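Listing of my_file04.csv, CSV, C-alpha atoms and all ligand atoms
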```csv
chain,number,residue,atom,x,y,z
X,1,MET,CA,6.7,13.1,-17.1
X,2,GLN,CA,6.7,15.2,-13.9
X,3,SER,CA,3.4,16.6,-14.8
X,4,ILE,CA,1.9,13.1,-15.3
X,5,ILE,CA,3.1,12.0,-11.9
X,6,SER,CA,1.7,15.2,-10.3
X,7,ALA,CA,-1.6,14.7,-12.0
X,8,LEU,CA,-1.7,11.1,-10.9
X,9,VAL,CA,-0.9,12.0,-7.3
X,10,GLU,CA,-3.6,14.7,-7.3
X,11,ALA,CA,-6.2,12.3,-8.8
X,12,LEU,CA,-5.4,9.5,-6.4
X,13,TRP,CA,-5.4,12.0,-3.4
X,14,PHE,CA,-9.0,12.9,-4.3
X,15,ILE,CA,-10.3,9.3,-4.9
X,16,LEU,CA,-8.4,7.5,-2.1
X,17,PRO,CA,-11.3,7.4,0.5
X,18,ALA,CA,-13.4,5.7,-2.2
X,19,TYR,CA,-10.7,3.1,-2.9
X,20,PHE,CA,-10.7,2.2,0.8
X,21,ALA,CA,-14.5,2.2,1.0
X,22,ASN,CA,-14.6,-0.2,-1.9
X,23,SER,CA,-11.8,-2.6,-0.8
X,24,ILE,CA,-12.1,-2.8,3.0
X,25,PRO,CA,-15.4,-4.8,2.8
X,26,VAL,CA,-13.5,-7.6,1.0
X,27,ASP,CA,-10.7,-7.5,3.6
X,28,VAL,CA,-13.0,-7.8,6.6
X,29,SER,CA,-15.4,-10.3,5.0
X,30,LYS,CA,-13.7,-13.3,6.7
X,31,LEU,CA,-13.3,-11.7,10.2
X,32,ARG,CA,-15.0,-13.7,12.9
X,33,VAL,CA,-15.5,-10.7,15.2
X,34,LEU,CA,-17.6,-9.0,12.5
X,35,GLU,CA,-19.7,-12.0,11.7
X,36,TRP,CA,-22.7,-10.5,13.5
X,37,LEU,CA,-22.8,-7.8,10.9
X,38,GLY,CA,-22.5,-10.2,8.0
X,39,LYS,CA,-26.2,-10.3,7.2
X,40,SER,CA,-27.1,-9.3,3.7
X,41,ILE,CA,-28.5,-5.8,3.3
X,42,ASP,CA,-31.5,-7.1,1.3
X,43,GLY,CA,-32.3,-9.5,4.2
X,44,GLY,CA,-32.3,-12.4,1.7
X,45,ARG,CA,-35.4,-10.9,-0.1
X,46,SER,CA,-36.1,-11.4,-3.7
X,47,TRP,CA,-38.0,-9.2,-6.2
X,48,GLY,CA,-39.4,-10.8,-9.4
X,49,GLY,CA,-37.8,-14.1,-8.5
X,50,LYS,CA,-34.3,-12.6,-8.2
X,51,ARG,CA,-32.4,-11.3,-5.2
X,52,ILE,CA,-32.6,-7.6,-4.7
X,53,LEU,CA,-28.9,-7.2,-4.0
X,54,GLY,CA,-27.5,-10.6,-3.2
X,55,ASP,CA,-25.3,-12.0,-0.5
X,56,GLY,CA,-22.3,-10.0,-1.6
X,57,LYS,CA,-23.7,-6.8,-0.1
X,58,THR,CA,-23.7,-7.0,3.7
X,59,TRP,CA,-24.1,-4.6,6.6
X,60,ARG,CA,-20.5,-5.5,7.5
X,61,GLY,CA,-19.3,-4.2,4.2
X,62,PHE,CA,-21.6,-1.2,4.3
X,63,PHE,CA,-20.3,0.1,7.7
X,64,SER,CA,-16.7,-1.0,7.4
X,65,GLY,CA,-16.4,0.7,4.0
X,66,ILE,CA,-17.9,4.0,5.1
X,67,ILE,CA,-15.9,4.1,8.3
X,68,ALA,CA,-12.6,3.1,6.7
X,69,GLY,CA,-12.9,5.5,3.8
X,70,THR,CA,-13.8,8.4,6.1
X,71,LEU,CA,-10.9,7.7,8.5
X,72,VAL,CA,-8.5,7.6,5.6
X,73,GLY,CA,-9.9,11.0,4.4
X,74,ALA,CA,-9.5,12.4,7.9
X,75,LEU,CA,-5.9,11.3,7.9
X,76,GLN,CA,-5.4,12.9,4.5
X,77,ALA,CA,-6.9,16.2,5.7
X,78,GLU,CA,-4.4,16.1,8.6
X,79,PHE,CA,-1.5,15.7,6.1
X,80,GLN,CA,-2.9,18.0,3.4
X,81,GLY,CA,-0.4,20.8,4.1
X,82,SER,CA,2.7,18.8,4.0
X,83,VAL,CA,1.8,16.9,0.9
X,84,GLN,CA,0.6,20.1,-0.7
X,85,ALA,CA,4.1,21.5,-0.2
X,86,SER,CA,5.3,19.1,-2.9
X,87,TYR,CA,2.1,19.1,-5.0
X,88,PRO,CA,0.7,22.7,-5.0
X,89,GLN,CA,-2.3,21.7,-7.1
X,90,LEU,CA,-3.4,19.0,-4.7
X,91,PRO,CA,-7.3,18.9,-4.4
X,92,GLU,CA,-8.4,19.6,-0.8
X,93,MET,CA,-9.5,16.6,1.3
X,94,THR,CA,-11.9,17.3,4.1
X,95,LEU,CA,-13.8,15.1,6.5
X,96,PRO,CA,-17.3,15.7,4.9
X,97,LEU,CA,-15.8,15.2,1.5
X,98,ALA,CA,-14.3,11.8,2.6
X,99,LEU,CA,-17.6,10.8,4.1
X,100,MET,CA,-19.5,11.6,0.9
X,101,LEU,CA,-16.9,9.8,-1.3
X,102,SER,CA,-17.2,6.7,1.0
X,103,MET,CA,-20.9,6.6,1.1
X,104,GLY,CA,-21.1,7.2,-2.6
X,105,ALA,CA,-18.7,4.4,-3.3
X,106,ILE,CA,-20.8,2.0,-1.2
X,107,PHE,CA,-24.1,3.1,-2.8
X,108,GLY,CA,-22.6,3.0,-6.3
X,109,ASP,CA,-21.5,-0.6,-5.7
X,110,MET,CA,-24.9,-1.5,-4.4
X,111,ILE,CA,-26.7,0.0,-7.4
X,112,ALA,CA,-24.5,-2.0,-9.7
X,113,SER,CA,-25.4,-5.2,-7.8
X,114,PHE,CA,-29.1,-4.3,-8.1
X,115,PHE,CA,-28.8,-4.0,-11.9
X,116,LYS,CA,-26.7,-7.2,-12.1
X,117,ARG,CA,-29.4,-9.1,-10.2
X,118,ARG,CA,-32.2,-7.6,-12.4
X,119,ILE,CA,-30.6,-8.9,-15.6
X,120,GLY,CA,-30.1,-12.3,-13.9
X,121,MET,CA,-26.4,-12.3,-13.1
X,122,PRO,CA,-25.7,-14.2,-9.9
X,123,ARG,CA,-23.6,-12.8,-7.1
X,124,GLY,CA,-20.0,-12.6,-8.0
X,125,GLU,CA,-20.5,-13.0,-11.7
X,126,PRO,CA,-18.1,-10.5,-13.4
X,127,ALA,CA,-19.5,-7.4,-15.2
X,128,PRO,CA,-16.3,-5.9,-16.8
X,129,LEU,CA,-15.9,-2.2,-16.3
X,130,LEU,CA,-19.1,-2.0,-14.3
X,131,ASP,CA,-17.5,-3.9,-11.4
X,132,GLN,CA,-14.4,-1.7,-11.6
X,133,LEU,CA,-16.0,1.7,-12.0
X,134,ASP,CA,-19.4,1.5,-10.2
X,135,PHE,CA,-18.0,2.8,-7.0
X,136,VAL,CA,-16.0,5.6,-8.7
X,137,PHE,CA,-19.1,7.1,-10.3
X,138,GLY,CA,-21.1,6.7,-7.0
X,139,ALA,CA,-18.3,8.4,-5.1
X,140,VAL,CA,-17.8,11.3,-7.5
X,141,PHE,CA,-21.5,11.9,-7.7
X,142,PHE,CA,-22.0,12.0,-3.9
X,143,ALA,CA,-18.9,14.2,-3.5
X,144,TRP,CA,-20.1,16.5,-6.2
X,145,LEU,CA,-23.4,17.0,-4.3
X,146,TRP,CA,-21.4,18.0,-1.3
X,147,SER,CA,-19.2,20.3,-3.4
X,148,ILE,CA,-22.2,22.1,-4.8
X,149,ALA,CA,-23.1,23.0,-1.2
X,150,ALA,CA,-19.5,23.7,-0.1
X,151,TYR,CA,-18.7,26.0,-3.1
X,152,GLY,CA,-22.2,27.6,-3.1
X,153,GLY,CA,-23.5,26.5,-6.5
X,154,VAL,CA,-23.3,24.2,-9.4
X,155,ALA,CA,-21.1,26.5,-11.6
X,156,GLY,CA,-17.5,25.6,-11.3
X,157,SER,CA,-18.0,23.2,-8.4
X,158,PHE,CA,-16.8,20.1,-10.2
X,159,GLU,CA,-13.7,21.9,-11.4
X,160,LYS,CA,-12.9,23.1,-7.9
X,161,MET,CA,-13.6,19.7,-6.4
X,162,VAL,CA,-11.3,17.6,-8.7
X,163,GLY,CA,-11.5,18.8,-12.3
X,164,TYR,CA,-12.4,17.0,-15.5
X,165,ASP,CA,-8.8,16.1,-16.4
X,166,ARG,CA,-8.2,14.3,-13.1
X,167,PHE,CA,-11.6,12.7,-13.2
X,168,PHE,CA,-10.7,11.3,-16.6
X,169,LEU,CA,-7.4,10.0,-15.2
X,170,ILE,CA,-9.2,8.3,-12.3
X,171,VAL,CA,-11.6,6.5,-14.7
X,172,LEU,CA,-8.6,5.5,-16.8
X,173,VAL,CA,-6.4,4.0,-14.0
X,174,THR,CA,-9.0,2.6,-11.6
X,175,PRO,CA,-9.7,-0.6,-13.5
X,176,PHE,CA,-6.0,-1.5,-13.3
X,177,PHE,CA,-5.8,-0.8,-9.6
X,178,HIS,CA,-9.0,-2.6,-9.0
X,179,LEU,CA,-7.8,-5.8,-10.8
X,180,LEU,CA,-4.5,-5.6,-8.9
X,181,GLY,CA,-6.2,-5.2,-5.6
X,182,ASN,CA,-8.7,-8.1,-6.3
X,183,GLY,CA,-5.8,-10.3,-7.4
X,184,MET,CA,-4.0,-9.6,-4.2
X,185,ALA,CA,-7.2,-10.4,-2.2
X,186,TRP,CA,-7.5,-13.6,-4.1
X,187,VAL,CA,-3.9,-14.6,-3.3
X,188,ALA,CA,-4.7,-13.8,0.4
X,189,LYS,CA,-7.7,-16.2,0.0
X,190,LEU,CA,-10.1,-13.3,0.9
X,191,LYS,CA,-11.8,-13.7,-2.5
X,192,ASP,CA,-12.9,-16.9,-4.3
X,193,ARG,CA,-12.2,-15.4,-7.7
X,194,PRO,CA,-9.3,-13.2,-8.8
X,195,TRP,CA,-11.6,-10.4,-10.1
J,1,LIG,N1,-18.9,-6.8,0.4
J,1,LIG,C1,-19.8,-6.7,1.5
J,1,LIG,N2,-20.7,-5.7,1.6
J,1,LIG,C2,-20.7,-4.7,0.6
J,1,LIG,C3,-19.8,-4.7,-0.5
J,1,LIG,C4,-18.9,-5.8,-0.5
J,1,LIG,O1,-19.8,-7.6,2.4
J,1,LIG,N3,-21.6,-3.7,0.7
J,1,LIG,C5,-17.9,-7.9,0.4
J,1,LIG,C6,-18.6,-9.2,0.0
J,1,LIG,O2,-17.9,-10.3,0.7
J,1,LIG,C7,-18.3,-9.3,-1.5
J,1,LIG,C8,-16.9,-8.7,-1.6
J,1,LIG,O3,-16.9,-7.7,-0.6
J,1,LIG,O4,-18.4,-10.6,-1.9
J,1,LIG,C9,-16.6,-8.2,-3.0
J,1,LIG,O5,-17.5,-7.2,-3.4
J,1,LIG,P1,-18.2,-7.2,-4.8
J,1,LIG,O6,-17.2,-7.6,-5.8
J,1,LIG,O7,-18.8,-5.9,-5.0
J,1,LIG,O8,-19.4,-8.3,-4.6
J,1,LIG,P2,-19.7,-9.6,-5.4
J,1,LIG,O9,-19.6,-10.7,-4.4
J,1,LIG,O10,-18.9,-9.7,-6.6
J,1,LIG,O11,-21.2,-9.5,-5.8
J,1,LIG,P3,-21.9,-8.6,-7.0
J,1,LIG,O12,-22.1,-9.6,-8.1
J,1,LIG,O13,-23.2,-8.2,-6.3
J,1,LIG,O14,-21.0,-7.5,-7.3
J,2,MG,MG,-17.7,-8.5,-7.8
```
Here is a file; write its structure as structure tokens.
Amino acid sequence: MQSIISALVEALWFILPAYFANSIPVDVSKLRVLEWLGKSIDGGRSWGGKRILGDGKTWRGFFSGIIAGTLVGALQAEFQGSVQASYPQLPEMTLPLALMLSMGAIFGDMIASFFKRRIGMPRGEPAPLLDQLDFVFGAVFFAWLWSIAAYGGVAGSFEKMVGYDRFFLIVLVTPFFHLLGNGMAWVAKLKDRPW
């Protein structure tokens, strides 16, 4: 039991900046002060008769997500030592890693929207598992690119960054956290649909 909790804490410690990068865009989507940033990233443009990304992907979400995720990671880096005292195997959070996780989360989410539009799904239409995991794969991929540079090569870099076991755990638990978070955002009237 203890080892499951430790593994979960370690996994969440690594992916936390991506969670914030993915959820803050929803939380700030109704803020009047950020309305000027609310333009869609694709500028309303279509490709082949369908929107490139859709109105759900805005500059407001892009910047707020990257900034929030990076700030959370910076905070984690600050507390790395004290949390590590209780969880010796804690993966190391650093500012550049948090930035890469956050940018990767935002881009992964945009790529998913791009493919949703291509197959004709309107903005907000649910794509089970893709909606819940797109940002995780984007985040882990971007973070891994950074880790290759940070650890001086591909060999062993994924293992040093987070490890396959923890990555598997992240993929397993994220859909539940995602649905929980979206449900809460729906209750708070930040989202029109509870998913
Ligand atoms: N959001 C944003 N900018 C982003 C990502 C998200 O403004 N880059 C905000 C939008 O208000 C969006 C909400 O966060 O509606 C939820 O994000 P998501 O579920 O990814 O977008 P959807 O509206 O469901 O659109 P899509 O079908 O493209 O996923
Ligand atoms: Mg969605």
Please determine, counting all atoms listed in the file, which residue among X:Ser147, X:Ser40, X:Gln80, X:Ser102 has the shortest atom-to-atom distance to ligand LIG 1 (chain J).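 When distances to ligand LIG 1 (chain J) are compared using all atoms listed in the file, the smallest one comes from X:Ser40.
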Taking only C-alpha atoms and all ligand atoms into account, which of X:Ala149, X:Met184, X:Val173, X:Ala112 comes nearest ligand MG 2 (chain J)?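 Of X:Ala149, X:Met184, X:Val173, X:Ala112, the one nearest ligand MG 2 (chain J) is X:Ala112, counting only C-alpha atoms and all ligand atoms.
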Mind checking which residues fall within 7 Å of segment 57-62 of chain X, counting all atoms listed in the file, ignoring those fewer than 2 positions away in the same chain, and posting them as an mmCIF file with C-alpha atoms, in the coordinates of the input?
```cif
data_model
loop_
_atom_site.group_PDB
_atom_site.id
_atom_site.type_symbol
_atom_site.label_atom_id
_atom_site.label_comp_id
_atom_site.auth_asym_id
_atom_site.auth_seq_id
_atom_site.Cartn_x
_atom_site.Cartn_y
_atom_site.Cartn_z
ATOM 1 C CA PRO X 25 -15.400 -4.800 2.800
ATOM 2 C CA LEU X 34 -17.600 -9.000 12.500
ATOM 3 C CA LEU X 37 -22.800 -7.800 10.900
ATOM 4 C CA GLY X 38 -22.500 -10.200 8.000
ATOM 5 C CA LYS X 39 -26.200 -10.300 7.200
ATOM 6 C CA SER X 40 -27.100 -9.300 3.700
ATOM 7 C CA ILE X 41 -28.500 -5.800 3.300
ATOM 8 C CA LEU X 53 -28.900 -7.200 -4.000
ATOM 9 C CA GLY X 54 -27.500 -10.600 -3.200
ATOM 10 C CA ASP X 55 -25.300 -12.000 -0.500
ATOM 11 C CA SER X 64 -16.700 -1.000 7.400
ATOM 12 C CA GLY X 65 -16.400 0.700 4.000
ATOM 13 C CA ILE X 66 -17.900 4.000 5.100
ATOM 14 C CA ILE X 106 -20.800 2.000 -1.200
ATOM 15 C CA MET X 110 -24.900 -1.500 -4.400
#
```
Using all atoms listed in the file, which protein or nucleic acid residues come within 9 Å of Ile24 of chain X? Drop anything in the same chain fewer than 2 positions from it, and give the result as a list in words.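 These residues fall inside the cut-off: Tyr19, Phe20, Ala21, Asn22, Val26, Asp27, Val28, Ser29, Gly61, Ser64, Gly65, Ala68 and Gly69 of chain X.
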Within 6 Å of ligand MG 2 (chain J) (only C-alpha atoms and all ligand atoms), residues as a ChimeraX atom specification: /X:124,126,131
Do you know which residues lie at most 12 Å from (-24.3, -10.0, -11.2), with coordinates as in the file and all atoms listed in the file counted, and could you write them as a PyMOL selection string? chain X and resi 50-57+109-128+130-131
One decimal, in Å: what's the spacing between atom CA of Glu159 of chain X and atom CA of Ala77 of chain X? 19.3 Å
Between X:Phe14, X:Phe107, X:Trp36, X:Phe177, which one has atoms that come closest to ligand LIG 1 (chain J), using all atoms listed in the file?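 Of the candidates, the smallest distance to ligand LIG 1 (chain J) is held by X:Phe107.
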Separation of atom CA of Pro17 of chain X and atom CA of Asp192 of chain X, in Å? 24.8 Å
Which residues come within 7 Å of segment 3-7 of chain X, counting all atoms listed in the file, excluding same-chain residues fewer than 3 positions away, as a PDB file with C-alpha atoms, in the coordinates of the input?
```pdb
ATOM      1  CA  GLU X  10      -3.600  14.700  -7.300  1.00  0.00           C
ATOM      2  CA  ALA X  11      -6.200  12.300  -8.800  1.00  0.00           C
ATOM      3  CA  TYR X  87       2.100  19.100  -5.000  1.00  0.00           C
ATOM      4  CA  ARG X 166      -8.200  14.300 -13.100  1.00  0.00           C
TER       5      ARG X 166
END
```
Once N, CA and C atoms are restored for segment 83-113 of chain X, what would the output be as a PDB file, keeping the file's coordinate frame?
```pdb
ATOM      1  N   VAL X  83       1.737  17.438   2.216  1.00  0.00           N
ATOM      2  CA  VAL X  83       1.800  16.900   0.900  1.00  0.00           C
ATOM      3  C   VAL X  83       1.644  17.986  -0.178  1.00  0.00           C
ATOM      4  N   GLN X  84       0.861  18.994   0.175  1.00  0.00           N
ATOM      5  CA  GLN X  84       0.600  20.100  -0.700  1.00  0.00           C
ATOM      6  C   GLN X  84       1.940  20.902  -0.981  1.00  0.00           C
ATOM      7  N   ALA X  85       2.852  20.825  -0.047  1.00  0.00           N
ATOM      8  CA  ALA X  85       4.100  21.500  -0.200  1.00  0.00           C
ATOM      9  C   ALA X  85       4.859  20.974  -1.454  1.00  0.00           C
ATOM     10  N   SER X  86       4.690  19.679  -1.737  1.00  0.00           N
ATOM     11  CA  SER X  86       5.300  19.100  -2.900  1.00  0.00           C
ATOM     12  C   SER X  86       4.396  19.100  -4.134  1.00  0.00           C
ATOM     13  N   TYR X  87       3.083  19.101  -3.881  1.00  0.00           N
ATOM     14  CA  TYR X  87       2.100  19.100  -5.000  1.00  0.00           C
ATOM     15  C   TYR X  87       1.125  20.249  -4.781  1.00  0.00           C
ATOM     16  N   PRO X  88       1.522  21.437  -5.262  1.00  0.00           N
ATOM     17  CA  PRO X  88       0.700  22.700  -5.000  1.00  0.00           C
ATOM     18  C   PRO X  88      -0.711  22.587  -5.477  1.00  0.00           C
ATOM     19  N   GLN X  89      -0.970  21.774  -6.513  1.00  0.00           N
ATOM     20  CA  GLN X  89      -2.300  21.700  -7.100  1.00  0.00           C
ATOM     21  C   GLN X  89      -3.207  20.660  -6.421  1.00  0.00           C
ATOM     22  N   LEU X  90      -2.727  20.088  -5.325  1.00  0.00           N
ATOM     23  CA  LEU X  90      -3.400  19.000  -4.700  1.00  0.00           C
ATOM     24  C   LEU X  90      -4.885  19.393  -4.315  1.00  0.00           C
ATOM     25  N   PRO X  91      -5.885  18.577  -4.746  1.00  0.00           N
ATOM     26  CA  PRO X  91      -7.300  18.900  -4.400  1.00  0.00           C
ATOM     27  C   PRO X  91      -7.401  18.795  -2.842  1.00  0.00           C
ATOM     28  N   GLU X  92      -8.320  19.572  -2.278  1.00  0.00           N
ATOM     29  CA  GLU X  92      -8.400  19.600  -0.800  1.00  0.00           C
ATOM     30  C   GLU X  92      -9.293  18.451  -0.294  1.00  0.00           C
ATOM     31  N   MET X  93      -8.727  17.659   0.613  1.00  0.00           N
ATOM     32  CA  MET X  93      -9.500  16.600   1.300  1.00  0.00           C
ATOM     33  C   MET X  93     -10.014  17.129   2.605  1.00  0.00           C
ATOM     34  N   THR X  94     -11.309  16.915   2.826  1.00  0.00           N
ATOM     35  CA  THR X  94     -11.900  17.300   4.100  1.00  0.00           C
ATOM     36  C   THR X  94     -12.709  16.120   4.639  1.00  0.00           C
ATOM     37  N   LEU X  95     -13.062  16.181   5.913  1.00  0.00           N
ATOM     38  CA  LEU X  95     -13.800  15.100   6.500  1.00  0.00           C
ATOM     39  C   LEU X  95     -15.188  14.879   5.830  1.00  0.00           C
ATOM     40  N   PRO X  96     -15.991  15.929   5.630  1.00  0.00           N
ATOM     41  CA  PRO X  96     -17.300  15.700   4.900  1.00  0.00           C
ATOM     42  C   PRO X  96     -17.110  15.183   3.526  1.00  0.00           C
ATOM     43  N   LEU X  97     -16.079  15.646   2.827  1.00  0.00           N
ATOM     44  CA  LEU X  97     -15.800  15.200   1.500  1.00  0.00           C
ATOM     45  C   LEU X  97     -15.512  13.660   1.500  1.00  0.00           C
ATOM     46  N   ALA X  98     -14.681  13.248   2.460  1.00  0.00           N
ATOM     47  CA  ALA X  98     -14.300  11.800   2.600  1.00  0.00           C
ATOM     48  C   ALA X  98     -15.531  10.981   2.911  1.00  0.00           C
ATOM     49  N   LEU X  99     -16.412  11.503   3.771  1.00  0.00           N
ATOM     50  CA  LEU X  99     -17.600  10.800   4.100  1.00  0.00           C
ATOM     51  C   LEU X  99     -18.522  10.598   2.884  1.00  0.00           C
ATOM     52  N   MET X 100     -18.662  11.666   2.098  1.00  0.00           N
ATOM     53  CA  MET X 100     -19.500  11.600   0.900  1.00  0.00           C
ATOM     54  C   MET X 100     -18.880  10.653  -0.149  1.00  0.00           C
ATOM     55  N   LEU X 101     -17.565  10.709  -0.324  1.00  0.00           N
ATOM     56  CA  LEU X 101     -16.900   9.800  -1.300  1.00  0.00           C
ATOM     57  C   LEU X 101     -17.109   8.347  -0.844  1.00  0.00           C
ATOM     58  N   SER X 102     -17.031   8.086   0.462  1.00  0.00           N
ATOM     59  CA  SER X 102     -17.200   6.700   1.000  1.00  0.00           C
ATOM     60  C   SER X 102     -18.586   6.207   0.839  1.00  0.00           C
ATOM     61  N   MET X 103     -19.542   7.039   1.230  1.00  0.00           N
ATOM     62  CA  MET X 103     -20.900   6.600   1.100  1.00  0.00           C
ATOM     63  C   MET X 103     -21.299   6.427  -0.370  1.00  0.00           C
ATOM     64  N   GLY X 104     -20.818   7.339  -1.206  1.00  0.00           N
ATOM     65  CA  GLY X 104     -21.100   7.200  -2.600  1.00  0.00           C
ATOM     66  C   GLY X 104     -20.508   5.969  -3.238  1.00  0.00           C
ATOM     67  N   ALA X 105     -19.311   5.590  -2.788  1.00  0.00           N
ATOM     68  CA  ALA X 105     -18.700   4.400  -3.300  1.00  0.00           C
ATOM     69  C   ALA X 105     -19.515   3.156  -2.936  1.00  0.00           C
ATOM     70  N   ILE X 106     -19.970   3.102  -1.682  1.00  0.00           N
ATOM     71  CA  ILE X 106     -20.800   2.000  -1.200  1.00  0.00           C
ATOM     72  C   ILE X 106     -22.114   1.901  -1.969  1.00  0.00           C
ATOM     73  N   PHE X 107     -22.760   3.058  -2.127  1.00  0.00           N
ATOM     74  CA  PHE X 107     -24.100   3.100  -2.800  1.00  0.00           C
ATOM     75  C   PHE X 107     -23.913   2.768  -4.306  1.00  0.00           C
ATOM     76  N   GLY X 108     -22.863   3.297  -4.924  1.00  0.00           N
ATOM     77  CA  GLY X 108     -22.600   3.000  -6.300  1.00  0.00           C
ATOM     78  C   GLY X 108     -22.474   1.523  -6.575  1.00  0.00           C
ATOM     79  N   ASP X 109     -21.742   0.878  -5.665  1.00  0.00           N
ATOM     80  CA  ASP X 109     -21.500  -0.600  -5.700  1.00  0.00           C
ATOM     81  C   ASP X 109     -22.816  -1.340  -5.542  1.00  0.00           C
ATOM     82  N   MET X 110     -23.665  -0.843  -4.627  1.00  0.00           N
ATOM     83  CA  MET X 110     -24.900  -1.500  -4.400  1.00  0.00           C
ATOM     84  C   MET X 110     -25.878  -1.365  -5.585  1.00  0.00           C
ATOM     85  N   ILE X 111     -25.880  -0.190  -6.197  1.00  0.00           N
ATOM     86  CA  ILE X 111     -26.700   0.000  -7.400  1.00  0.00           C
ATOM     87  C   ILE X 111     -26.324  -0.886  -8.512  1.00  0.00           C
ATOM     88  N   ALA X 112     -25.010  -1.070  -8.679  1.00  0.00           N
ATOM     89  CA  ALA X 112     -24.500  -2.000  -9.700  1.00  0.00           C
ATOM     90  C   ALA X 112     -24.996  -3.403  -9.459  1.00  0.00           C
ATOM     91  N   SER X 113     -24.921  -3.829  -8.187  1.00  0.00           N
ATOM     92  CA  SER X 113     -25.400  -5.200  -7.800  1.00  0.00           C
ATOM     93  C   SER X 113     -26.875  -5.314  -8.112  1.00  0.00           C
TER      94      SER X 113
END
```
